[in-house]
$ cat data_31.cif   # mmCIF, N, CA and C atoms
data_target
#
loop_
_atom_site.label_atom_id
_atom_site.label_comp_id
_atom_site.auth_asym_id
_atom_site.auth_seq_id
_atom_site.Cartn_x
_atom_site.Cartn_y
_atom_site.Cartn_z
N MET A 1 -7.50 -19.51 -3.45
CA MET A 1 -7.80 -18.49 -4.44
C MET A 1 -6.77 -17.37 -4.34
N GLU A 2 -6.10 -17.09 -5.45
CA GLU A 2 -5.08 -16.06 -5.44
C GLU A 2 -5.68 -14.70 -5.79
N ARG A 3 -5.23 -13.69 -5.05
CA ARG A 3 -5.67 -12.31 -5.26
C ARG A 3 -4.42 -11.44 -5.20
N PRO A 4 -4.52 -10.19 -5.64
CA PRO A 4 -3.36 -9.32 -5.51
C PRO A 4 -2.93 -9.22 -4.04
N ARG A 5 -1.65 -9.15 -3.84
CA ARG A 5 -1.10 -9.06 -2.49
C ARG A 5 -1.43 -7.70 -1.87
N ILE A 6 -1.32 -7.63 -0.56
CA ILE A 6 -1.56 -6.39 0.19
C ILE A 6 -0.25 -5.99 0.86
N LEU A 7 0.10 -4.74 0.71
CA LEU A 7 1.27 -4.18 1.37
C LEU A 7 0.80 -3.38 2.57
N CYS A 8 1.53 -3.43 3.65
CA CYS A 8 1.16 -2.68 4.85
C CYS A 8 2.32 -1.81 5.31
N LEU A 9 1.99 -0.63 5.79
CA LEU A 9 2.98 0.32 6.30
C LEU A 9 2.68 0.68 7.74
N ASP A 10 3.73 0.69 8.54
CA ASP A 10 3.68 1.25 9.89
C ASP A 10 4.54 2.50 9.85
N VAL A 11 3.90 3.64 9.62
CA VAL A 11 4.61 4.90 9.37
C VAL A 11 5.01 5.55 10.68
N GLY A 12 6.31 5.70 10.86
CA GLY A 12 6.83 6.38 12.04
C GLY A 12 7.49 7.69 11.67
N HIS A 13 7.97 8.40 12.67
CA HIS A 13 8.65 9.68 12.41
C HIS A 13 9.98 9.46 11.70
N LYS A 14 10.72 8.43 12.10
CA LYS A 14 12.05 8.18 11.54
C LYS A 14 12.08 6.97 10.60
N ARG A 15 11.28 5.96 10.92
CA ARG A 15 11.30 4.72 10.14
C ARG A 15 9.88 4.26 9.84
N THR A 16 9.75 3.58 8.70
CA THR A 16 8.47 3.00 8.31
C THR A 16 8.67 1.51 8.07
N GLY A 17 7.91 0.72 8.79
CA GLY A 17 7.96 -0.72 8.60
C GLY A 17 7.07 -1.12 7.44
N VAL A 18 7.53 -2.13 6.68
CA VAL A 18 6.81 -2.62 5.52
C VAL A 18 6.59 -4.12 5.67
N ALA A 19 5.37 -4.54 5.39
CA ALA A 19 5.03 -5.97 5.41
C ALA A 19 4.17 -6.25 4.19
N VAL A 20 4.09 -7.51 3.80
CA VAL A 20 3.27 -7.91 2.66
C VAL A 20 2.66 -9.27 2.98
N CYS A 21 1.51 -9.53 2.39
CA CYS A 21 0.90 -10.86 2.58
C CYS A 21 1.12 -11.70 1.32
N ASP A 22 0.89 -12.98 1.45
CA ASP A 22 1.00 -13.89 0.31
C ASP A 22 -0.21 -13.73 -0.61
N GLU A 23 -0.17 -14.42 -1.74
CA GLU A 23 -1.23 -14.29 -2.74
C GLU A 23 -2.57 -14.83 -2.26
N THR A 24 -2.56 -15.71 -1.27
CA THR A 24 -3.82 -16.25 -0.74
C THR A 24 -4.38 -15.37 0.38
N ARG A 25 -3.64 -14.33 0.72
CA ARG A 25 -4.03 -13.41 1.80
C ARG A 25 -4.26 -14.16 3.12
N THR A 26 -3.31 -15.06 3.40
CA THR A 26 -3.37 -15.86 4.62
C THR A 26 -2.33 -15.42 5.63
N LEU A 27 -1.13 -15.12 5.16
CA LEU A 27 -0.01 -14.87 6.06
C LEU A 27 0.71 -13.57 5.71
N ALA A 28 0.90 -12.73 6.72
CA ALA A 28 1.66 -11.49 6.56
C ALA A 28 3.12 -11.77 6.92
N SER A 29 4.03 -11.14 6.18
CA SER A 29 5.46 -11.31 6.42
C SER A 29 6.16 -9.95 6.38
N PRO A 30 7.17 -9.77 7.24
CA PRO A 30 7.93 -8.52 7.21
C PRO A 30 8.75 -8.43 5.94
N VAL A 31 8.91 -7.20 5.43
CA VAL A 31 9.69 -6.98 4.21
C VAL A 31 10.94 -6.17 4.51
N GLU A 32 10.75 -4.95 5.02
CA GLU A 32 11.89 -4.07 5.24
C GLU A 32 11.48 -2.88 6.09
N VAL A 33 12.48 -2.08 6.41
CA VAL A 33 12.26 -0.81 7.11
C VAL A 33 12.80 0.29 6.21
N LEU A 34 11.97 1.30 5.96
CA LEU A 34 12.35 2.43 5.12
C LEU A 34 12.55 3.67 5.96
N ASP A 35 13.42 4.55 5.51
CA ASP A 35 13.64 5.84 6.17
C ASP A 35 12.41 6.72 5.94
N SER A 36 11.88 7.30 7.02
CA SER A 36 10.68 8.14 6.94
C SER A 36 10.96 9.63 7.00
N THR A 37 12.22 10.02 7.03
CA THR A 37 12.52 11.42 7.28
C THR A 37 12.20 12.33 6.09
N ASN A 38 12.12 11.78 4.88
CA ASN A 38 11.76 12.57 3.69
C ASN A 38 10.52 11.94 3.08
N ARG A 39 9.37 12.60 3.24
CA ARG A 39 8.09 12.02 2.81
C ARG A 39 8.05 11.72 1.31
N LYS A 40 8.59 12.62 0.47
CA LYS A 40 8.59 12.39 -0.97
C LYS A 40 9.37 11.13 -1.34
N VAL A 41 10.53 10.97 -0.73
CA VAL A 41 11.36 9.79 -1.00
C VAL A 41 10.66 8.54 -0.48
N LEU A 42 10.08 8.63 0.69
CA LEU A 42 9.36 7.49 1.27
C LEU A 42 8.22 7.06 0.34
N ILE A 43 7.43 7.99 -0.12
CA ILE A 43 6.31 7.66 -1.00
C ILE A 43 6.81 7.03 -2.30
N ALA A 44 7.87 7.57 -2.88
CA ALA A 44 8.44 6.99 -4.10
C ALA A 44 8.90 5.56 -3.85
N ASN A 45 9.53 5.32 -2.71
CA ASN A 45 9.99 3.97 -2.37
C ASN A 45 8.82 3.01 -2.16
N VAL A 46 7.77 3.49 -1.53
CA VAL A 46 6.59 2.64 -1.28
C VAL A 46 5.92 2.27 -2.61
N VAL A 47 5.74 3.25 -3.49
CA VAL A 47 5.11 2.99 -4.78
C VAL A 47 5.95 2.00 -5.59
N LYS A 48 7.25 2.18 -5.60
CA LYS A 48 8.15 1.27 -6.32
C LYS A 48 8.06 -0.14 -5.74
N ARG A 49 8.10 -0.25 -4.43
CA ARG A 49 8.04 -1.56 -3.77
C ARG A 49 6.70 -2.24 -4.05
N ALA A 50 5.62 -1.49 -4.03
CA ALA A 50 4.30 -2.05 -4.31
C ALA A 50 4.25 -2.63 -5.73
N GLU A 51 4.84 -1.92 -6.69
CA GLU A 51 4.89 -2.42 -8.06
C GLU A 51 5.71 -3.70 -8.14
N GLU A 52 6.87 -3.71 -7.49
CA GLU A 52 7.75 -4.89 -7.50
C GLU A 52 7.08 -6.12 -6.91
N LEU A 53 6.27 -5.91 -5.89
CA LEU A 53 5.65 -7.02 -5.16
C LEU A 53 4.28 -7.42 -5.72
N GLY A 54 3.81 -6.73 -6.75
CA GLY A 54 2.51 -7.07 -7.33
C GLY A 54 1.35 -6.83 -6.39
N VAL A 55 1.39 -5.70 -5.74
CA VAL A 55 0.40 -5.35 -4.73
C VAL A 55 -0.84 -4.73 -5.37
N GLY A 56 -2.01 -5.03 -4.80
CA GLY A 56 -3.25 -4.43 -5.27
C GLY A 56 -3.82 -3.41 -4.31
N THR A 57 -3.38 -3.47 -3.06
CA THR A 57 -3.88 -2.58 -2.01
C THR A 57 -2.74 -2.25 -1.07
N ILE A 58 -2.74 -1.02 -0.57
CA ILE A 58 -1.79 -0.62 0.47
C ILE A 58 -2.61 -0.28 1.71
N VAL A 59 -2.27 -0.91 2.82
CA VAL A 59 -2.90 -0.63 4.11
C VAL A 59 -1.90 0.15 4.95
N VAL A 60 -2.35 1.23 5.53
CA VAL A 60 -1.48 2.06 6.36
C VAL A 60 -2.04 2.05 7.78
N GLY A 61 -1.19 1.69 8.73
CA GLY A 61 -1.60 1.68 10.12
C GLY A 61 -1.90 3.09 10.61
N LEU A 62 -3.06 3.27 11.22
CA LEU A 62 -3.46 4.58 11.75
C LEU A 62 -3.29 4.56 13.26
N PRO A 63 -2.39 5.40 13.78
CA PRO A 63 -2.09 5.38 15.22
C PRO A 63 -3.12 6.15 16.06
N LEU A 64 -4.27 5.53 16.25
CA LEU A 64 -5.29 6.13 17.12
C LEU A 64 -4.82 6.05 18.56
N ASP A 65 -5.38 6.90 19.43
CA ASP A 65 -4.99 6.82 20.85
C ASP A 65 -5.75 5.66 21.51
N GLN A 66 -5.51 5.45 22.78
CA GLN A 66 -6.08 4.29 23.48
C GLN A 66 -7.60 4.27 23.44
N GLU A 67 -8.23 5.43 23.37
CA GLU A 67 -9.70 5.49 23.32
C GLU A 67 -10.22 5.39 21.89
N GLY A 68 -9.32 5.31 20.91
CA GLY A 68 -9.73 5.23 19.52
C GLY A 68 -9.91 6.58 18.86
N ASP A 69 -9.43 7.63 19.51
CA ASP A 69 -9.56 8.98 18.96
C ASP A 69 -8.36 9.33 18.09
N VAL A 70 -8.57 10.28 17.19
CA VAL A 70 -7.52 10.76 16.30
C VAL A 70 -6.71 11.83 17.01
N GLY A 71 -5.42 11.57 17.16
CA GLY A 71 -4.51 12.53 17.78
C GLY A 71 -3.55 13.09 16.75
N ARG A 72 -2.51 13.75 17.22
CA ARG A 72 -1.52 14.39 16.35
C ARG A 72 -0.85 13.38 15.40
N ASP A 73 -0.47 12.21 15.92
CA ASP A 73 0.19 11.22 15.06
C ASP A 73 -0.74 10.70 13.98
N ALA A 74 -2.01 10.48 14.32
CA ALA A 74 -2.97 10.00 13.33
C ALA A 74 -3.20 11.05 12.25
N VAL A 75 -3.23 12.31 12.63
CA VAL A 75 -3.39 13.39 11.64
C VAL A 75 -2.18 13.39 10.70
N ARG A 76 -0.98 13.23 11.26
CA ARG A 76 0.24 13.18 10.44
C ARG A 76 0.17 12.01 9.45
N VAL A 77 -0.26 10.86 9.91
CA VAL A 77 -0.37 9.68 9.04
C VAL A 77 -1.45 9.89 7.99
N ARG A 78 -2.54 10.53 8.34
CA ARG A 78 -3.57 10.80 7.34
C ARG A 78 -3.06 11.75 6.25
N HIS A 79 -2.21 12.69 6.61
CA HIS A 79 -1.59 13.56 5.61
C HIS A 79 -0.69 12.73 4.68
N PHE A 80 0.04 11.79 5.26
CA PHE A 80 0.87 10.88 4.47
C PHE A 80 -0.01 10.06 3.51
N ILE A 81 -1.10 9.52 4.02
CA ILE A 81 -2.02 8.72 3.20
C ILE A 81 -2.54 9.55 2.02
N ALA A 82 -2.93 10.79 2.27
CA ALA A 82 -3.42 11.66 1.20
C ALA A 82 -2.34 11.88 0.14
N ALA A 83 -1.11 12.10 0.57
CA ALA A 83 -0.01 12.30 -0.37
C ALA A 83 0.28 11.02 -1.15
N LEU A 84 0.21 9.87 -0.49
CA LEU A 84 0.43 8.59 -1.16
C LEU A 84 -0.65 8.33 -2.21
N ARG A 85 -1.90 8.64 -1.87
CA ARG A 85 -3.01 8.44 -2.83
C ARG A 85 -2.82 9.26 -4.10
N GLU A 86 -2.16 10.40 -3.99
CA GLU A 86 -1.90 11.23 -5.16
C GLU A 86 -0.86 10.61 -6.10
N LYS A 87 -0.05 9.70 -5.58
CA LYS A 87 1.06 9.13 -6.36
C LYS A 87 0.83 7.69 -6.81
N THR A 88 -0.32 7.11 -6.48
CA THR A 88 -0.59 5.74 -6.89
C THR A 88 -2.07 5.58 -7.23
N SER A 89 -2.34 4.65 -8.14
CA SER A 89 -3.73 4.33 -8.46
C SER A 89 -4.24 3.19 -7.58
N LEU A 90 -3.38 2.62 -6.75
CA LEU A 90 -3.77 1.54 -5.86
C LEU A 90 -4.70 2.06 -4.76
N ALA A 91 -5.54 1.19 -4.26
CA ALA A 91 -6.35 1.55 -3.09
C ALA A 91 -5.41 1.72 -1.90
N VAL A 92 -5.57 2.79 -1.17
CA VAL A 92 -4.78 3.05 0.04
C VAL A 92 -5.78 3.17 1.19
N LEU A 93 -5.72 2.23 2.12
CA LEU A 93 -6.67 2.15 3.22
C LEU A 93 -5.97 2.39 4.54
N GLU A 94 -6.70 2.94 5.50
CA GLU A 94 -6.15 3.07 6.86
C GLU A 94 -6.73 1.96 7.73
N TRP A 95 -5.91 1.51 8.69
CA TRP A 95 -6.32 0.42 9.57
C TRP A 95 -5.80 0.72 10.98
N ASP A 96 -6.65 0.55 11.96
CA ASP A 96 -6.31 0.81 13.36
C ASP A 96 -5.08 0.00 13.76
N GLU A 97 -4.05 0.69 14.21
CA GLU A 97 -2.81 0.01 14.59
C GLU A 97 -2.55 0.05 16.10
N ARG A 98 -3.55 0.40 16.87
CA ARG A 98 -3.33 0.50 18.31
C ARG A 98 -2.67 -0.76 18.86
N PHE A 99 -1.66 -0.56 19.67
CA PHE A 99 -0.95 -1.61 20.41
C PHE A 99 -0.07 -2.51 19.54
N SER A 100 0.04 -2.24 18.24
CA SER A 100 0.86 -3.10 17.39
C SER A 100 2.34 -3.02 17.76
N THR A 101 2.84 -1.85 18.08
CA THR A 101 4.24 -1.72 18.45
C THR A 101 4.50 -2.38 19.80
N VAL A 102 3.56 -2.25 20.72
CA VAL A 102 3.69 -2.92 22.02
C VAL A 102 3.73 -4.43 21.83
N GLU A 103 2.85 -4.94 20.98
CA GLU A 103 2.83 -6.37 20.70
C GLU A 103 4.12 -6.82 20.01
N ALA A 104 4.61 -6.01 19.08
CA ALA A 104 5.86 -6.34 18.39
C ALA A 104 7.02 -6.37 19.37
N GLU A 105 7.07 -5.38 20.26
CA GLU A 105 8.13 -5.32 21.27
C GLU A 105 8.09 -6.56 22.16
N ARG A 106 6.91 -6.92 22.61
CA ARG A 106 6.75 -8.10 23.47
C ARG A 106 7.20 -9.38 22.75
N THR A 107 6.80 -9.50 21.49
CA THR A 107 7.18 -10.67 20.70
C THR A 107 8.70 -10.77 20.54
N LEU A 108 9.34 -9.65 20.27
CA LEU A 108 10.79 -9.64 20.08
C LEU A 108 11.53 -9.91 21.38
N ILE A 109 11.01 -9.41 22.49
CA ILE A 109 11.62 -9.68 23.79
C ILE A 109 11.51 -11.17 24.10
N GLU A 110 10.34 -11.73 23.86
CA GLU A 110 10.14 -13.17 24.10
C GLU A 110 11.05 -14.01 23.21
N ALA A 111 11.38 -13.50 22.02
CA ALA A 111 12.28 -14.20 21.11
C ALA A 111 13.75 -13.92 21.44
N ASP A 112 13.98 -13.19 22.55
CA ASP A 112 15.32 -12.90 23.07
C ASP A 112 16.16 -12.02 22.14
N PHE A 113 15.50 -11.08 21.46
CA PHE A 113 16.23 -10.10 20.67
C PHE A 113 16.82 -9.06 21.62
N SER A 114 18.05 -8.65 21.36
CA SER A 114 18.66 -7.59 22.17
C SER A 114 17.95 -6.27 21.86
N ARG A 115 18.17 -5.29 22.70
CA ARG A 115 17.56 -3.97 22.48
C ARG A 115 17.96 -3.41 21.11
N GLU A 116 19.23 -3.55 20.75
CA GLU A 116 19.72 -3.07 19.45
C GLU A 116 19.07 -3.83 18.30
N GLU A 117 18.95 -5.14 18.42
CA GLU A 117 18.31 -5.95 17.38
C GLU A 117 16.83 -5.56 17.24
N ARG A 118 16.16 -5.33 18.38
CA ARG A 118 14.74 -4.95 18.34
C ARG A 118 14.56 -3.63 17.62
N ARG A 119 15.42 -2.67 17.89
CA ARG A 119 15.33 -1.35 17.27
C ARG A 119 15.38 -1.45 15.74
N LYS A 120 16.17 -2.38 15.22
CA LYS A 120 16.34 -2.52 13.77
C LYS A 120 15.12 -3.14 13.08
N VAL A 121 14.35 -3.95 13.79
CA VAL A 121 13.28 -4.71 13.12
C VAL A 121 11.87 -4.41 13.63
N ILE A 122 11.74 -3.68 14.72
CA ILE A 122 10.43 -3.53 15.36
C ILE A 122 9.38 -2.92 14.42
N ASP A 123 9.80 -2.00 13.55
CA ASP A 123 8.84 -1.34 12.66
C ASP A 123 8.25 -2.32 11.64
N LYS A 124 9.08 -3.19 11.08
CA LYS A 124 8.53 -4.15 10.12
C LYS A 124 7.75 -5.27 10.81
N VAL A 125 8.10 -5.58 12.05
CA VAL A 125 7.31 -6.55 12.81
C VAL A 125 5.95 -5.94 13.14
N ALA A 126 5.92 -4.67 13.53
CA ALA A 126 4.64 -3.99 13.80
C ALA A 126 3.79 -3.94 12.53
N ALA A 127 4.40 -3.66 11.37
CA ALA A 127 3.65 -3.65 10.11
C ALA A 127 3.07 -5.03 9.82
N THR A 128 3.81 -6.07 10.16
CA THR A 128 3.34 -7.44 9.96
C THR A 128 2.13 -7.74 10.85
N ILE A 129 2.19 -7.28 12.09
CA ILE A 129 1.07 -7.48 13.03
C ILE A 129 -0.17 -6.73 12.53
N ILE A 130 0.01 -5.50 12.06
CA ILE A 130 -1.10 -4.72 11.53
C ILE A 130 -1.72 -5.43 10.33
N LEU A 131 -0.88 -5.88 9.41
CA LEU A 131 -1.38 -6.54 8.20
C LEU A 131 -2.06 -7.86 8.53
N GLN A 132 -1.51 -8.62 9.47
CA GLN A 132 -2.15 -9.89 9.83
C GLN A 132 -3.53 -9.62 10.40
N SER A 133 -3.66 -8.57 11.20
CA SER A 133 -4.97 -8.19 11.74
C SER A 133 -5.94 -7.86 10.61
N TYR A 134 -5.46 -7.12 9.62
CA TYR A 134 -6.31 -6.73 8.50
C TYR A 134 -6.74 -7.94 7.67
N ILE A 135 -5.82 -8.83 7.33
CA ILE A 135 -6.20 -9.98 6.50
C ILE A 135 -7.05 -10.98 7.28
N ASP A 136 -6.84 -11.08 8.60
CA ASP A 136 -7.73 -11.91 9.41
C ASP A 136 -9.15 -11.35 9.38
N HIS A 137 -9.26 -10.02 9.46
CA HIS A 137 -10.56 -9.34 9.37
C HIS A 137 -11.23 -9.64 8.03
N LEU A 138 -10.46 -9.55 6.94
CA LEU A 138 -11.01 -9.85 5.62
C LEU A 138 -11.51 -11.28 5.54
N LYS A 139 -10.73 -12.19 6.05
CA LYS A 139 -11.11 -13.61 6.00
C LYS A 139 -12.40 -13.84 6.80
N PHE A 140 -12.49 -13.25 7.96
CA PHE A 140 -13.67 -13.40 8.80
C PHE A 140 -14.91 -12.87 8.07
N HIS A 141 -14.77 -11.72 7.44
CA HIS A 141 -15.92 -11.11 6.77
C HIS A 141 -16.21 -11.74 5.41
N ASP A 142 -15.22 -12.34 4.76
CA ASP A 142 -15.46 -13.06 3.50
C ASP A 142 -16.21 -14.36 3.74
N ASP A 143 -16.01 -14.96 4.92
CA ASP A 143 -16.65 -16.24 5.25
C ASP A 143 -18.10 -16.09 5.64
N LYS A 144 -18.59 -14.88 5.82
CA LYS A 144 -19.98 -14.68 6.26
C LYS A 144 -20.92 -14.50 5.11
#
$ encode --input "data_31.cif" --output "structure tokens"
Amino acid sequence: MERPRILCLDVGHKRTGVAVCDETRTLASPVEVLDSTNRKVLIANVVKRAEELGVGTIVVGLPLDQEGDVGRDAVRVRHFIAALREKTSLAVLEWDERFSTVEAERTLIEADFSREERRKVIDKVAATIILQSYIDHLKFHDDK
């Protein structure tokens, strides 16, 4: 069953990783890394990319701390989410991203990426991990 695709963002201070799932919402794939230093430009790029990819929902990773509490980074991301919601009619959801960057780093090390290669792709790999977690959650709850 085909549904609108889901775009996922791993919003960092300098870079934002972007991932998207297929129309069946089975598999998340990395798309690109966007510059995060200018929030207005980042939001415009995200909205444009969502339109190009035929996205129905945007999921944004929320960087909660190890205990699941909202810290400074999560507050910053929530401000970004609020600004993004003002610029799009798409649903914009937050999703717990704890440990996604650690998992992405481990995966890239196991794949024998150099430190420089990892730096270039880690954000979009983390976004892919976050999105895969979200679509797996949807599948689990749709089957019940």
$ atom_distance --input "data_31.cif" --atom1 "atom N of A:Asp35" --atom2 "atom C of A:Asp22"
23.6 Å
$ resolve_selection --input "data_31.cif" --expression "the PyMOL selection byres ((chain A and resi 36) around 8)" --output "list in words"
Val11, Gly12, His13, Lys14, Arg15, Thr16, Gly17, Val33, Leu34, Asp35, Thr37, Asn38, Arg39, Lys40, Val41, Leu42 and Ile43 of chain A
$ closest_residue --input "data_31.cif" --among "A:Ser29, A:Thr88, A:Ala74, A:Glu117" --to "A:Ile129" --atoms "only N, CA and C atoms"
A:Ser29
$ select_by_dssp --input "data_31.cif" --residues "stretch 44-109 of chain A" --states "helix (DSSP H, G or I)" --output "CSV table (one decimal) with N, CA and C atoms, in the frame of the given file"
chain,number,residue,atom,x,y,z
A,44,ALA,N,7.9,7.6,-2.9
A,44,ALA,CA,8.4,7.0,-4.1
A,44,ALA,C,8.9,5.6,-3.8
A,45,ASN,N,9.5,5.3,-2.7
A,45,ASN,CA,10.0,4.0,-2.4
A,45,ASN,C,8.8,3.0,-2.2
A,46,VAL,N,7.8,3.5,-1.5
A,46,VAL,CA,6.6,2.6,-1.3
A,46,VAL,C,5.9,2.3,-2.6
A,47,VAL,N,5.7,3.2,-3.5
A,47,VAL,CA,5.1,3.0,-4.8
A,47,VAL,C,6.0,2.0,-5.6
A,48,LYS,N,7.2,2.2,-5.6
A,48,LYS,CA,8.2,1.3,-6.3
A,48,LYS,C,8.1,-0.1,-5.7
A,49,ARG,N,8.1,-0.2,-4.4
A,49,ARG,CA,8.0,-1.6,-3.8
A,49,ARG,C,6.7,-2.2,-4.0
A,50,ALA,N,5.6,-1.5,-4.0
A,50,ALA,CA,4.3,-2.0,-4.3
A,50,ALA,C,4.2,-2.6,-5.7
A,51,GLU,N,4.8,-1.9,-6.7
A,51,GLU,CA,4.9,-2.4,-8.1
A,51,GLU,C,5.7,-3.7,-8.1
A,52,GLU,N,6.9,-3.7,-7.5
A,52,GLU,CA,7.8,-4.9,-7.5
A,52,GLU,C,7.1,-6.1,-6.9
A,53,LEU,N,6.3,-5.9,-5.9
A,53,LEU,CA,5.6,-7.0,-5.2
A,53,LEU,C,4.3,-7.4,-5.7
A,72,ARG,N,-2.5,13.8,17.2
A,72,ARG,CA,-1.5,14.4,16.4
A,72,ARG,C,-0.8,13.4,15.4
A,73,ASP,N,-0.5,12.2,15.9
A,73,ASP,CA,0.2,11.2,15.1
A,73,ASP,C,-0.7,10.7,14.0
A,74,ALA,N,-2.0,10.5,14.3
A,74,ALA,CA,-3.0,10.0,13.3
A,74,ALA,C,-3.2,11.0,12.2
A,75,VAL,N,-3.2,12.3,12.6
A,75,VAL,CA,-3.4,13.4,11.6
A,75,VAL,C,-2.2,13.4,10.7
A,76,ARG,N,-1.0,13.2,11.3
A,76,ARG,CA,0.2,13.2,10.4
A,76,ARG,C,0.2,12.0,9.4
A,77,VAL,N,-0.3,10.9,9.9
A,77,VAL,CA,-0.4,9.7,9.0
A,77,VAL,C,-1.4,9.9,8.0
A,78,ARG,N,-2.5,10.5,8.3
A,78,ARG,CA,-3.6,10.8,7.3
A,78,ARG,C,-3.1,11.8,6.2
A,79,HIS,N,-2.2,12.7,6.6
A,79,HIS,CA,-1.6,13.6,5.6
A,79,HIS,C,-0.7,12.7,4.7
A,80,PHE,N,0.0,11.8,5.3
A,80,PHE,CA,0.9,10.9,4.5
A,80,PHE,C,0.0,10.1,3.5
A,81,ILE,N,-1.1,9.5,4.0
A,81,ILE,CA,-2.0,8.7,3.2
A,81,ILE,C,-2.5,9.6,2.0
A,82,ALA,N,-2.9,10.8,2.3
A,82,ALA,CA,-3.4,11.7,1.2
A,82,ALA,C,-2.3,11.9,0.1
A,83,ALA,N,-1.1,12.1,0.6
A,83,ALA,CA,0.0,12.3,-0.4
A,83,ALA,C,0.3,11.0,-1.2
A,84,LEU,N,0.2,9.9,-0.5
A,84,LEU,CA,0.4,8.6,-1.2
A,84,LEU,C,-0.6,8.3,-2.2
A,85,ARG,N,-1.9,8.6,-1.9
A,85,ARG,CA,-3.0,8.4,-2.8
A,85,ARG,C,-2.8,9.3,-4.1
A,86,GLU,N,-2.2,10.4,-4.0
A,86,GLU,CA,-1.9,11.2,-5.2
A,86,GLU,C,-0.9,10.6,-6.1
A,87,LYS,N,0.0,9.7,-5.6
A,87,LYS,CA,1.1,9.1,-6.4
A,87,LYS,C,0.8,7.7,-6.8
A,100,SER,N,0.0,-2.2,18.2
A,100,SER,CA,0.9,-3.1,17.4
A,100,SER,C,2.3,-3.0,17.8
A,101,THR,N,2.8,-1.8,18.1
A,101,THR,CA,4.2,-1.7,18.4
A,101,THR,C,4.5,-2.4,19.8
A,102,VAL,N,3.6,-2.2,20.7
A,102,VAL,CA,3.7,-2.9,22.0
A,102,VAL,C,3.7,-4.4,21.8
A,103,GLU,N,2.8,-4.9,21.0
A,103,GLU,CA,2.8,-6.4,20.7
A,103,GLU,C,4.1,-6.8,20.0
A,104,ALA,N,4.6,-6.0,19.1
A,104,ALA,CA,5.9,-6.3,18.4
A,104,ALA,C,7.0,-6.4,19.4
A,105,GLU,N,7.1,-5.4,20.3
A,105,GLU,CA,8.1,-5.3,21.3
A,105,GLU,C,8.1,-6.6,22.2
A,106,ARG,N,6.9,-6.9,22.6
A,106,ARG,CA,6.8,-8.1,23.5
A,106,ARG,C,7.2,-9.4,22.8
A,107,THR,N,6.8,-9.5,21.5
A,107,THR,CA,7.2,-10.7,20.7
A,107,THR,C,8.7,-10.8,20.5
A,108,LEU,N,9.3,-9.6,20.3
A,108,LEU,CA,10.8,-9.6,20.1
A,108,LEU,C,11.5,-9.9,21.4
A,109,ILE,N,11.0,-9.4,22.5
A,109,ILE,CA,11.6,-9.7,23.8
A,109,ILE,C,11.5,-11.2,24.1
$ closest_residue --input "data_31.cif" --among "A:Val125, A:Val46, A:Ile135, A:Ile58" --to "A:Glu94" --atoms "only C-alpha atoms"
A:Ile58
$ resolve_selection --input "data_31.cif" --expression "the PyMOL selection byres ((chain A and resi 59) around 7)" --output "PyMOL selection string"
chain A and resi 6-10+57-58+60-61+91-95
$ closest_residue --input "data_31.cif" --among "A:Ala44, A:Ala50, A:Ala83, A:His141" --to "A:Val20" --atoms "only C-alpha atoms"
A:Ala50
$ atom_distance --input "data_31.cif" --atom1 "atom CA of A:Arg49" --atom2 "atom CA of A:Leu138"
22.8 Å
$ closest_residue --input "data_31.cif" --among "A:Val31, A:Leu64, A:Ala111, A:Leu131" --to "A:Val18" --atoms "only N, CA and C atoms"
A:Val31
